[in-house]
>>> print(open('data.cif').read())   # mmCIF, C-alpha atoms and all ligand atoms
data_model
#
loop_
_atom_site.group_PDB
_atom_site.id
_atom_site.type_symbol
_atom_site.label_atom_id
_atom_site.label_comp_id
_atom_site.auth_asym_id
_atom_site.auth_seq_id
_atom_site.Cartn_x
_atom_site.Cartn_y
_atom_site.Cartn_z
ATOM 1 C CA MET A 15 12.942 -21.912 4.555
ATOM 2 C CA ALA A 16 15.169 -24.713 5.858
ATOM 3 C CA ILE A 17 14.035 -26.016 9.250
ATOM 4 C CA THR A 18 16.700 -26.750 11.859
ATOM 5 C CA PRO A 19 15.751 -29.544 14.293
ATOM 6 C CA LEU A 20 15.356 -28.590 17.958
ATOM 7 C CA PRO A 21 18.446 -29.054 20.150
ATOM 8 C CA ILE A 22 17.404 -32.369 21.787
ATOM 9 C CA THR A 23 20.167 -34.345 23.540
ATOM 10 C CA ASP A 24 20.037 -37.497 25.707
ATOM 11 C CA ASP A 25 19.174 -35.378 28.760
ATOM 12 C CA THR A 26 16.762 -32.835 27.251
ATOM 13 C CA ARG A 27 13.249 -32.423 28.686
ATOM 14 C CA VAL A 28 10.589 -31.414 26.136
ATOM 15 C CA LEU A 29 7.266 -29.838 27.065
ATOM 16 C CA VAL A 30 4.797 -29.214 24.207
ATOM 17 C CA LEU A 31 1.559 -27.227 24.205
ATOM 18 C CA THR A 32 -0.787 -27.705 21.265
ATOM 19 C CA GLY A 33 -3.859 -25.788 20.142
ATOM 20 C CA ALA A 34 -6.469 -26.034 17.418
ATOM 21 C CA GLY A 35 -3.905 -25.370 14.645
ATOM 22 C CA VAL A 36 -2.441 -28.844 15.135
ATOM 23 C CA SER A 37 -5.736 -30.445 14.099
ATOM 24 C CA ALA A 38 -6.491 -28.022 11.220
ATOM 25 C CA GLU A 39 -4.820 -30.298 8.651
ATOM 26 C CA SER A 40 -7.009 -33.174 9.890
ATOM 27 C CA GLY A 41 -10.042 -31.131 8.815
ATOM 28 C CA ILE A 42 -11.161 -29.757 12.178
ATOM 29 C CA PRO A 43 -11.709 -25.984 11.879
ATOM 30 C CA THR A 44 -9.820 -23.892 14.429
ATOM 31 C CA PHE A 45 -11.855 -22.048 17.018
ATOM 32 C CA ARG A 46 -11.172 -18.641 15.527
ATOM 33 C CA ASP A 47 -11.550 -19.817 11.891
ATOM 34 C CA ALA A 48 -15.272 -20.072 12.450
ATOM 35 C CA ASN A 49 -15.271 -16.572 14.034
ATOM 36 C CA GLY A 50 -16.321 -18.168 17.302
ATOM 37 C CA LEU A 51 -19.726 -19.019 15.823
ATOM 38 C CA TRP A 52 -21.615 -22.315 15.422
ATOM 39 C CA GLU A 53 -24.709 -22.060 13.257
ATOM 40 C CA SER A 54 -25.750 -18.572 14.386
ATOM 41 C CA HIS A 55 -24.853 -19.188 18.050
ATOM 42 C CA ARG A 56 -21.809 -17.750 19.780
ATOM 43 C CA VAL A 57 -19.693 -20.703 20.924
ATOM 44 C CA GLU A 58 -19.644 -19.185 24.421
ATOM 45 C CA ASP A 59 -23.440 -19.608 24.478
ATOM 46 C CA VAL A 60 -23.332 -23.357 23.828
ATOM 47 C CA ALA A 61 -20.059 -24.089 25.662
ATOM 48 C CA SER A 62 -20.834 -22.636 29.064
ATOM 49 C CA PRO A 63 -22.724 -23.551 32.255
ATOM 50 C CA GLU A 64 -25.242 -20.813 31.387
ATOM 51 C CA GLY A 65 -25.819 -22.363 27.950
ATOM 52 C CA TRP A 66 -26.322 -25.790 29.568
ATOM 53 C CA ALA A 67 -28.811 -24.382 32.074
ATOM 54 C CA ALA A 68 -30.725 -22.640 29.279
ATOM 55 C CA ASP A 69 -30.913 -25.384 26.625
ATOM 56 C CA LYS A 70 -29.344 -28.849 27.125
ATOM 57 C CA THR A 71 -30.658 -30.131 23.786
ATOM 58 C CA LEU A 72 -28.893 -27.322 21.919
ATOM 59 C CA VAL A 73 -25.640 -27.983 23.792
ATOM 60 C CA TRP A 74 -25.790 -31.686 22.869
ATOM 61 C CA ARG A 75 -26.606 -30.771 19.244
ATOM 62 C CA PHE A 76 -23.354 -28.773 19.216
ATOM 63 C CA TYR A 77 -21.251 -31.500 20.863
ATOM 64 C CA GLY A 78 -22.981 -34.293 18.927
ATOM 65 C CA ALA A 79 -21.991 -32.540 15.681
ATOM 66 C CA ARG A 80 -18.433 -32.158 16.972
ATOM 67 C CA ARG A 81 -18.288 -35.848 17.927
ATOM 68 C CA ASP A 82 -19.518 -36.824 14.445
ATOM 69 C CA ALA A 83 -17.006 -34.532 12.743
ATOM 70 C CA ALA A 84 -14.027 -35.587 14.900
ATOM 71 C CA ALA A 85 -14.833 -39.292 14.461
ATOM 72 C CA ARG A 86 -14.506 -38.832 10.685
ATOM 73 C CA CYS A 87 -11.047 -37.183 10.994
ATOM 74 C CA ALA A 88 -7.686 -38.882 11.390
ATOM 75 C CA PRO A 89 -4.480 -37.740 13.107
ATOM 76 C CA ASN A 90 -2.094 -35.886 10.774
ATOM 77 C CA ARG A 91 1.702 -35.732 10.545
ATOM 78 C CA ALA A 92 1.906 -33.210 13.388
ATOM 79 C CA HIS A 93 0.113 -35.580 15.794
ATOM 80 C CA LEU A 94 2.245 -38.486 14.563
ATOM 81 C CA ALA A 95 5.482 -36.492 14.996
ATOM 82 C CA LEU A 96 4.629 -35.679 18.622
ATOM 83 C CA ALA A 97 3.843 -39.328 19.354
ATOM 84 C CA ALA A 98 7.143 -40.362 17.728
ATOM 85 C CA LEU A 99 9.121 -37.885 19.853
ATOM 86 C CA GLU A 100 7.432 -39.205 22.992
ATOM 87 C CA ARG A 101 8.424 -42.781 22.077
ATOM 88 C CA ARG A 102 12.019 -41.582 21.895
ATOM 89 C CA LEU A 103 12.069 -39.489 25.099
ATOM 90 C CA GLY A 104 9.679 -41.388 27.383
ATOM 91 C CA ASP A 105 9.246 -39.578 30.711
ATOM 92 C CA ARG A 106 11.392 -36.676 29.515
ATOM 93 C CA PHE A 107 8.402 -35.621 27.385
ATOM 94 C CA LEU A 108 4.985 -34.169 28.240
ATOM 95 C CA LEU A 109 2.254 -33.009 25.867
ATOM 96 C CA VAL A 110 -0.337 -30.496 27.053
ATOM 97 C CA THR A 111 -3.213 -29.907 24.659
ATOM 98 C CA GLN A 112 -6.065 -27.432 24.537
ATOM 99 C CA ASN A 113 -7.737 -29.650 21.931
ATOM 100 C CA VAL A 114 -10.592 -31.900 22.942
ATOM 101 C CA ASP A 115 -10.780 -33.879 19.670
ATOM 102 C CA GLY A 116 -8.853 -36.958 20.885
ATOM 103 C CA LEU A 117 -6.498 -36.972 17.866
ATOM 104 C CA HIS A 118 -3.302 -36.957 19.975
ATOM 105 C CA HIS A 119 -4.539 -40.016 21.799
ATOM 106 C CA ARG A 120 -5.426 -41.738 18.517
ATOM 107 C CA ALA A 121 -1.918 -40.915 17.176
ATOM 108 C CA GLY A 122 -0.426 -42.792 20.136
ATOM 109 C CA SER A 123 0.413 -40.006 22.623
ATOM 110 C CA GLN A 124 0.269 -41.281 26.210
ATOM 111 C CA ARG A 125 1.982 -38.645 28.351
ATOM 112 C CA LEU A 126 -0.874 -36.328 27.510
ATOM 113 C CA VAL A 127 -2.756 -33.726 29.550
ATOM 114 C CA GLU A 128 -6.036 -32.637 27.937
ATOM 115 C CA ILE A 129 -6.504 -29.409 29.887
ATOM 116 C CA HIS A 130 -9.786 -28.429 28.188
ATOM 117 C CA GLY A 131 -11.356 -31.879 28.546
ATOM 118 C CA ALA A 132 -12.125 -34.704 26.138
ATOM 119 C CA LEU A 133 -14.837 -34.679 23.458
ATOM 120 C CA PHE A 134 -15.387 -38.449 23.680
ATOM 121 C CA GLN A 135 -16.012 -38.481 27.424
ATOM 122 C CA SER A 136 -19.115 -37.497 29.400
ATOM 123 C CA ARG A 137 -19.989 -37.127 33.053
ATOM 124 C CA CYS A 138 -22.945 -36.245 35.286
ATOM 125 C CA ASP A 139 -23.627 -32.532 35.796
ATOM 126 C CA THR A 140 -24.591 -33.220 39.436
ATOM 127 C CA CYS A 141 -22.948 -36.253 41.063
ATOM 128 C CA ASP A 142 -19.216 -36.950 41.237
ATOM 129 C CA ARG A 143 -19.141 -40.183 39.206
ATOM 130 C CA ASP A 144 -15.989 -40.512 37.094
ATOM 131 C CA PRO A 145 -16.068 -39.284 33.491
ATOM 132 C CA PHE A 146 -16.737 -42.182 31.118
ATOM 133 C CA ALA A 147 -15.974 -42.936 27.448
ATOM 134 C CA ASP A 148 -18.942 -41.918 25.318
ATOM 135 C CA THR A 149 -19.512 -41.657 21.565
ATOM 136 C CA GLU A 150 -23.297 -40.986 21.791
ATOM 137 C CA THR A 151 -24.558 -37.862 20.044
ATOM 138 C CA TYR A 152 -27.796 -37.685 22.081
ATOM 139 C CA ALA A 153 -29.729 -36.845 18.913
ATOM 140 C CA SER A 154 -32.822 -38.445 20.443
ATOM 141 C CA GLY A 155 -32.622 -36.465 23.661
ATOM 142 C CA VAL A 156 -30.669 -35.611 26.768
ATOM 143 C CA ARG A 157 -30.136 -38.529 29.201
ATOM 144 C CA SER A 158 -30.479 -38.355 32.963
ATOM 145 C CA CYS A 159 -27.774 -39.913 35.157
ATOM 146 C CA GLU A 160 -28.609 -43.558 35.865
ATOM 147 C CA LEU A 161 -26.480 -43.497 39.027
ATOM 148 C CA CYS A 162 -27.797 -40.487 40.947
ATOM 149 C CA HIS A 163 -31.126 -40.004 39.090
ATOM 150 C CA ARG A 164 -30.845 -36.288 39.805
ATOM 151 C CA GLY A 165 -28.417 -34.933 37.205
ATOM 152 C CA PHE A 166 -28.016 -35.047 33.418
ATOM 153 C CA ILE A 167 -25.189 -36.429 31.310
ATOM 154 C CA ARG A 168 -23.022 -33.602 29.960
ATOM 155 C CA PRO A 169 -19.833 -33.431 27.854
ATOM 156 C CA HIS A 170 -16.555 -33.737 29.815
ATOM 157 C CA ILE A 171 -15.333 -30.378 28.525
ATOM 158 C CA VAL A 172 -13.994 -27.372 30.420
ATOM 159 C CA TRP A 173 -16.557 -24.769 29.444
ATOM 160 C CA PHE A 174 -16.109 -21.019 29.387
ATOM 161 C CA GLY A 175 -16.227 -19.819 32.975
ATOM 162 C CA GLU A 176 -15.198 -23.210 34.417
ATOM 163 C CA HIS A 177 -11.928 -24.024 36.170
ATOM 164 C CA LEU A 178 -9.198 -26.230 34.827
ATOM 165 C CA ASP A 179 -8.554 -29.472 36.713
ATOM 166 C CA VAL A 180 -6.005 -28.705 39.447
ATOM 167 C CA ASP A 181 -4.402 -32.149 38.957
ATOM 168 C CA HIS A 182 -3.698 -31.282 35.324
ATOM 169 C CA LEU A 183 -2.020 -28.022 36.260
ATOM 170 C CA ALA A 184 -0.031 -29.798 38.984
ATOM 171 C CA ARG A 185 1.228 -32.331 36.444
ATOM 172 C CA VAL A 186 2.558 -29.523 34.236
ATOM 173 C CA GLU A 187 4.139 -27.750 37.220
ATOM 174 C CA THR A 188 5.848 -30.966 38.369
ATOM 175 C CA PHE A 189 7.237 -31.574 34.889
ATOM 176 C CA VAL A 190 8.578 -28.017 34.723
ATOM 177 C CA SER A 191 10.179 -28.149 38.165
ATOM 178 C CA ASP A 192 11.781 -31.554 37.385
ATOM 179 C CA ALA A 193 13.151 -30.063 34.153
ATOM 180 C CA ARG A 194 14.961 -27.306 36.026
ATOM 181 C CA GLY A 195 18.735 -27.804 35.820
ATOM 182 C CA HIS A 196 18.456 -30.010 32.685
ATOM 183 C CA PRO A 197 18.469 -28.937 29.051
ATOM 184 C CA PHE A 198 14.813 -27.955 28.591
ATOM 185 C CA VAL A 199 12.881 -27.133 25.430
ATOM 186 C CA TYR A 200 9.339 -25.747 25.362
ATOM 187 C CA VAL A 201 7.340 -25.749 22.122
ATOM 188 C CA ALA A 202 3.885 -24.240 21.546
ATOM 189 C CA VAL A 203 2.209 -25.408 18.328
ATOM 190 C CA GLY A 204 -0.874 -24.105 16.504
ATOM 191 C CA THR A 205 -2.244 -21.895 19.237
ATOM 192 C CA SER A 206 -3.200 -18.248 19.059
ATOM 193 C CA GLY A 207 -1.794 -17.530 22.510
ATOM 194 C CA LEU A 208 -4.967 -15.763 23.629
ATOM 195 C CA VAL A 209 -6.377 -18.161 26.206
ATOM 196 C CA TYR A 210 -4.914 -18.420 29.703
ATOM 197 C CA PRO A 211 -3.527 -20.235 31.617
ATOM 198 C CA ALA A 212 -2.239 -22.166 28.570
ATOM 199 C CA ALA A 213 -0.809 -19.017 26.988
ATOM 200 C CA GLY A 214 1.174 -18.361 30.193
ATOM 201 C CA ILE A 215 2.993 -21.731 30.267
ATOM 202 C CA VAL A 216 5.746 -20.245 28.099
ATOM 203 C CA SER A 217 6.677 -17.786 30.874
ATOM 204 C CA VAL A 218 6.674 -20.543 33.512
ATOM 205 C CA ALA A 219 8.901 -22.733 31.323
ATOM 206 C CA ARG A 220 11.227 -19.856 30.561
ATOM 207 C CA ARG A 221 11.680 -19.103 34.270
ATOM 208 C CA ALA A 222 12.699 -22.754 34.712
ATOM 209 C CA GLY A 223 15.398 -22.283 32.058
ATOM 210 C CA ALA A 224 13.608 -23.511 28.919
ATOM 211 C CA GLU A 225 14.590 -22.453 25.441
ATOM 212 C CA THR A 226 11.217 -21.604 23.929
ATOM 213 C CA TRP A 227 9.816 -22.187 20.436
ATOM 214 C CA LEU A 228 6.576 -21.195 18.780
ATOM 215 C CA GLN A 229 5.420 -23.106 15.712
ATOM 216 C CA ASN A 230 2.336 -21.577 14.153
ATOM 217 C CA LEU A 231 0.817 -20.850 10.764
ATOM 218 C CA ASP A 232 1.192 -17.133 11.425
ATOM 219 C CA VAL A 233 2.777 -15.021 14.147
ATOM 220 C CA ALA A 234 0.628 -15.535 17.262
ATOM 221 C CA ASP A 235 -0.291 -12.815 19.753
ATOM 222 C CA ASN A 236 2.285 -13.883 22.326
ATOM 223 C CA ALA A 237 5.097 -14.476 19.789
ATOM 224 C CA ASP A 238 7.335 -11.965 21.597
ATOM 225 C CA ASP A 239 7.415 -14.317 24.593
ATOM 226 C CA PHE A 240 9.359 -16.925 22.580
ATOM 227 C CA ASP A 241 13.058 -17.234 21.736
ATOM 228 C CA HIS A 242 12.304 -18.728 18.294
ATOM 229 C CA VAL A 243 9.319 -18.586 15.953
ATOM 230 C CA VAL A 244 8.890 -21.067 13.082
ATOM 231 C CA THR A 245 5.941 -20.284 10.822
ATOM 232 C CA GLY A 246 4.219 -22.833 8.568
ATOM 233 C CA LYS A 247 1.748 -25.711 8.716
ATOM 234 C CA ALA A 248 2.361 -27.968 11.695
ATOM 235 C CA GLY A 249 2.035 -31.156 9.622
ATOM 236 C CA GLU A 250 4.776 -29.940 7.297
ATOM 237 C CA VAL A 251 7.096 -28.375 9.887
ATOM 238 C CA LEU A 252 6.904 -30.568 13.022
ATOM 239 C CA PRO A 253 8.382 -33.852 11.717
ATOM 240 C CA THR A 254 11.620 -32.028 10.827
ATOM 241 C CA LEU A 255 11.564 -29.570 13.727
ATOM 242 C CA LEU A 256 11.203 -32.444 16.223
ATOM 243 C CA GLY A 257 13.837 -34.535 14.406
ATOM 244 C CA VAL A 258 11.436 -37.444 13.751
ATOM 245 C CA GLY A 259 10.929 -37.093 9.972
ATOM 246 C CA ASP A 260 12.101 -40.691 9.334
ATOM 247 C CA GLU A 261 9.627 -42.228 11.805
ATOM 248 C CA VAL A 262 6.697 -40.171 10.478
ATOM 249 C CA ASN A 263 7.535 -40.978 6.835
ATOM 250 C CA SER A 264 7.974 -44.729 7.359
HETATM 251 P P1 LIG A 301 -7.264 -20.732 17.905
HETATM 252 O O1 LIG A 301 -8.309 -21.040 16.869
HETATM 253 O O2 LIG A 301 -7.393 -19.500 18.731
HETATM 254 O O3 LIG A 301 -5.832 -20.631 17.209
HETATM 255 C C1 LIG A 301 -5.353 -21.594 16.330
HETATM 256 C C2 LIG A 301 -3.992 -21.126 15.824
HETATM 257 O O4 LIG A 301 -3.503 -22.154 14.971
HETATM 258 C C3 LIG A 301 -4.020 -19.824 15.036
HETATM 259 O O5 LIG A 301 -2.991 -18.975 15.524
HETATM 260 C C4 LIG A 301 -3.715 -20.289 13.600
HETATM 261 O O6 LIG A 301 -2.919 -19.355 12.891
HETATM 262 C C5 LIG A 301 -2.929 -21.544 13.843
HETATM 263 N N1 LIG A 301 -3.008 -22.528 12.747
HETATM 264 C C6 LIG A 301 -4.033 -22.764 11.894
HETATM 265 N N2 LIG A 301 -3.739 -23.778 11.068
HETATM 266 C C7 LIG A 301 -2.499 -24.202 11.407
HETATM 267 C C8 LIG A 301 -1.620 -25.227 10.913
HETATM 268 N N3 LIG A 301 -1.969 -26.031 9.909
HETATM 269 N N4 LIG A 301 -0.404 -25.362 11.514
HETATM 270 C C9 LIG A 301 -0.028 -24.549 12.542
HETATM 271 N N5 LIG A 301 -0.805 -23.577 13.036
HETATM 272 C C10 LIG A 301 -2.015 -23.401 12.487
HETATM 273 O O7 LIG A 301 -7.138 -22.024 18.798
HETATM 274 P P2 LIG A 301 -6.472 -22.221 20.226
HETATM 275 O O8 LIG A 301 -5.290 -21.346 20.424
HETATM 276 O O9 LIG A 301 -6.329 -23.695 20.397
HETATM 277 O O10 LIG A 301 -11.019 -23.157 24.572
HETATM 278 O O11 LIG A 301 -7.640 -21.727 21.143
HETATM 279 C C11 LIG A 301 -7.467 -21.871 22.502
HETATM 280 C C12 LIG A 301 -8.779 -22.085 23.154
HETATM 281 O O12 LIG A 301 -9.659 -21.030 22.768
HETATM 282 C C13 LIG A 301 -9.531 -23.326 22.710
HETATM 283 O O13 LIG A 301 -9.072 -24.505 23.340
HETATM 284 C C14 LIG A 301 -10.932 -22.967 23.150
HETATM 285 C C15 LIG A 301 -10.997 -21.464 22.864
HETATM 286 O O14 LIG A 301 -11.496 -20.710 23.865
HETATM 287 C C16 LIG A 301 -12.060 -23.832 25.050
HETATM 288 O O15 LIG A 301 -12.885 -24.375 24.347
HETATM 289 C C17 LIG A 301 -12.118 -23.921 26.541
#
>>> encode(input="data.cif", output="structure tokens")
Amino acid sequence: MAITPLPITDDTRVLVLTGAGVSAESGIPTFRDANGLWESHRVEDVASPEGWAADKTLVWRFYGARRDAAARCAPNRAHLALAALERRLGDRFLLVTQNVDGLHHRAGSQRLVEIHGALFQSRCDTCDRDPFADTETYASGVRSCELCHRGFIRPHIVWFGEHLDVDHLARVETFVSDARGHPFVYVAVGTSGLVYPAAGIVSVARRAGAETWLQNLDVADNADDFDHVVTGKAGEVLPTLLGVGDEVNS
């Protein structure tokens, strides 16, 4: 099927939401591909405050394995296409991702909001020190916080049952309200549309006048919320859909 590029003019604002599907072609399995299981554990049991309280070593085994796997992967054409569009649009572009793998950052995206956290950052589970860059896998054991000496170092990930950072949500809201009255395009890529509040951004954007697009391998659960649906692999579809095929191919 021929892909028509999005209607992007010199005044268009573009807001993009990405999910696990965008990293699938880099070799990172999507959340639901693995049936929500890791080894025989439910992901909710290792990615939650309850899981952390019960077994910190197990939680770090899970995130250590994810750090190892993500470090071996490289950004694909979908990540590169989004970075190329940002270079063209500057502040008229914002990328919101549910992915924690860091691949958007490695592809060059800068106007990036990682709403579910960042795999290669850690923080203390007790004191309010800033999150810090961290590639450790903690295979030899969990580390206590050298600043407060009370807490333990944990992944900087928004776990099941935890709240999203209010500053991140505010950044998305500000972008949407600034886009009002301008040509505005919203694109969701590679996300099943099951997890809120991310799955609700389409309605917020639409109320602000956005023309809305869904690009996914198959028809996602909230496909009816979108004006246009383009099925296919993100790495194959996005360079053309975003009108940056030449930059990604060069
Ligand atoms: P899912 O695994 O739920 O959905 C991934 C979507 O990507 C599916 O609809 C696939 O059809 C689609 N897909 C797979 N390969 C693709 C490709 N090559 N190109 C385009 N689409 C493709 O992942 P998310 O929607 O990201 O939250 O899941 C949202 C959140 O659910 C995750 O961030 C995670 C989980 O709860 C937390 O960890 C907090």
>>> residues_around(input="data.cif", residues="A:Glu150", least_positions_apart="3", cutoff="12 Å", atoms="all atoms listed in the file", output="list in words")
Trp74, Arg75, Tyr77, Gly78, Ala79, Arg80, Arg81, Asp82, Ala85, Leu133, Phe134, Gln135, Ser136, Phe146, Ala147, Ala153, Ser154, Gly155, Val156, Arg157, Ile167, Arg168 and Pro169 of chain A
>>> closest_residue(input="data.cif", among="A:Ala67, A:Val28, A:Ala38, A:Cys87", to="ligand LIG 301 (chain A)", atoms="only C-alpha atoms and all ligand atoms")
A:Ala38
>>> closest_residue(input="data.cif", among="A:Ser191, A:Thr44, A:Asn230, A:Thr205", to="A:Val218", atoms="only C-alpha atoms")
A:Ser191
>>> closest_residue(input="data.cif", among="A:Trp173, A:Phe45, A:Phe198, A:Phe189", to="A:Asp25", atoms="all atoms listed in the file")
A:Phe198
>>> resolve_selection(input="data.cif", expression="the PyMOL selection byres (((not hetatm)) within 9 of (chain A and resi 301))", output="MDAnalysis selection string")
chainID A and resid 32:40 43:50 57:58 61 92 111:114 129:131 171:176 203:210 212:213 229:235 245:251
>>> closest_residue(input="data.cif", among="A:Leu94, A:Leu178, A:Leu51, A:Ala219", to="A:Val199", atoms="only C-alpha atoms")
A:Ala219
>>> atom_distance(input="data.cif", atom1="atom CA of A:Cys162", atom2="atom CA of A:Arg137")
11.6 Å
>>> closest_residue(input="data.cif", among="A:Thr26, A:Thr18, A:Ser123, A:Ser54", to="A:Gly195", atoms="only C-alpha atoms")
A:Thr26
>>> atom_distance(input="data.cif", atom1="atom CA of A:Asp139", atom2="atom CA of A:Phe166")
5.6 Å
>>> resolve_selection(input="data.cif", expression="the PyMOL selection byres (((chain A and resi 240) around 7) and not hetatm)", output="number ranges by chain")
A: 226-228, 237-239, 241-243
>>> residues_around(input="data.cif", residues="A:Leu255", least_positions_apart="2", cutoff="7 Å", atoms="all atoms listed in the file", output="NGL selection string")
:A and (17-20 or 251-253 or 257)
>>> closest_residue(input="data.cif", among="A:Arg164, A:Arg86, A:Arg125, A:Arg120", to="A:Cys141", atoms="all atoms listed in the file")
A:Arg164
